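Participant: Handing you a structure now.
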Amino acid sequence: MTDAARAEEFITGYLLDGRGGYRKLEQQAIGQWQPDDGLLWIHVARSSKRGRVWLRDECGIPAAICDALLDDEVRPRTLVANDSAMIVLRGVNLNAGTKLEDMVSLRLWVEGNRVIDLRHRKLRRVTNVRNQLALGHGPTSSGDLLLELADTMIERMDPVVDHLESEVDQLELELDPNRLNEIRETLSSIRSRTIRLRRYLAPQRDALTRLRLENLSWKTSRQDVRLRELVERINHTIEDLDWVREHAAIIQDELTSLESEAARVAMYRIAIITGVLLPPSLIAGLMGANISGIPGGDSSFAFALLCAGTFLLILAEILVLRFFKWL
């Protein structure tokens, strides 16, 4: 098989041994698998045409479920059909060269002895679970495999939220009237990332809650307890994001206040300057009238005296303004 053909591989299968380990299956062996053979974990390349055909025509999943799994834009949800469940989860993007807040999806079809996941790109959290299996410490059932994947996706969000909290705390400490534009841009970025993360966390909480409440034969009471813990962790993360959003709103109010104060001070200074220069402007206007009878019109010292008088007038105005504490 050529390298190009290998790159086109659309399906990968792992047969879990029920003791925390696994062995990889070739594509032909995946087609020959029977439920009695053990738990089968299948990766399908969602971007591959052959993968889409296999999912629709060969794996036995209902057509409506296939359409939902292959949809380009999906939000976290749980959909139960008979004793199986479709679960769509979202997590932060940990792939190199990407932004953490760019959410990636994990689309799962879970049965008693088979788990199918669709991916558009390599997911580090899936690799982590596979590494656990390679060490013999991986999940032993479909419910445990689902929980490991969900737990890893939720866990990866914690550092991102912590970073947002640190950013907004630091931003509050660095409030400076001379850096308003820079602070505003940083604050806008924080609020945008917070909104994107929260947009998917709330429905993800609802999806896992729905899964916990469903009566599925392959799901145990122990797994229900763990699902409840995952829901509580998501609730905590959502509360942290709400705190970041509210804290950012407070900083935005402070920015607005600083801008208003800066504008008020600027207008006050302009008013003071205008008030101080108004009497000299009046004098200059009167003395500049092109009519006869202007005092000092015939004196060579008149201009110097006018300047000195104007300076003394300005000085007197400043003293009066300071006396009344207007300056």
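Identifiers in the structure tokens: chain A, B, ... in order shown; residue index from 1 per chain; ligand index from 1 in order shown.
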Do you know which residues are at most 12 Å from stretch 279-287 of chain A counting only C-alpha atoms, after dropping those on the same chain fewer than 5 positions away, and could you put them as an MDAnalysis selection string?
Facilitator: chainID A and resid 273:274 292:297 302:303 306:317
Participant: Using only C-alpha atoms, which protein or nucleic acid residues come within 12 Å of A:Ala262? Drop anything in the same chain fewer than 5 positions from it, and give the result as a ChimeraX atom specification.
Facilitator: /A:176-178,180,255-257,267-269
Participant: What does the file look like for those residues with C-alpha atoms, as an mmCIF file, in the first residue's frame?
Facilitator:
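selection_17.cif, written as the output of this step:
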data_model
loop_
_atom_site.group_PDB
_atom_site.id
_atom_site.type_symbol
_atom_site.label_atom_id
_atom_site.label_comp_id
_atom_site.auth_asym_id
_atom_site.auth_seq_id
_atom_site.Cartn_x
_atom_site.Cartn_y
_atom_site.Cartn_z
ATOM 1 C CA ASP A 176 -3.953 52.876 33.669
ATOM 2 C CA PRO A 177 -5.615 55.945 32.092
ATOM 3 C CA ASN A 178 -2.691 56.090 29.650
ATOM 4 C CA LEU A 180 -7.080 52.593 27.863
ATOM 5 C CA LEU A 255 -12.723 51.835 31.877
ATOM 6 C CA THR A 256 -15.815 53.838 30.987
ATOM 7 C CA SER A 257 -15.446 55.767 34.233
ATOM 8 C CA MET A 267 -13.057 69.824 29.172
ATOM 9 C CA TYR A 268 -12.348 71.457 32.541
ATOM 10 C CA ARG A 269 -8.870 72.454 31.429
#
Participant: Compile the contact shell of stretch 105-114 of chain A as JSON, numbers by chain: residues with an atom at most 6 Å away, counting only C-alpha atoms, same-chain residues fewer than 6 positions apart removed.
Facilitator: {"A": [35, 39, 40, 41, 84, 85, 86, 87, 88, 89, 90, 218]}
Participant: Nearest to A:Asp206: which of A:Gln223, A:Ser299, A:Asn235, A:Thr152 is it, counting only C-alpha atoms?
Facilitator: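 Result for the nearest residue to A:Asp206: A:Asn235.
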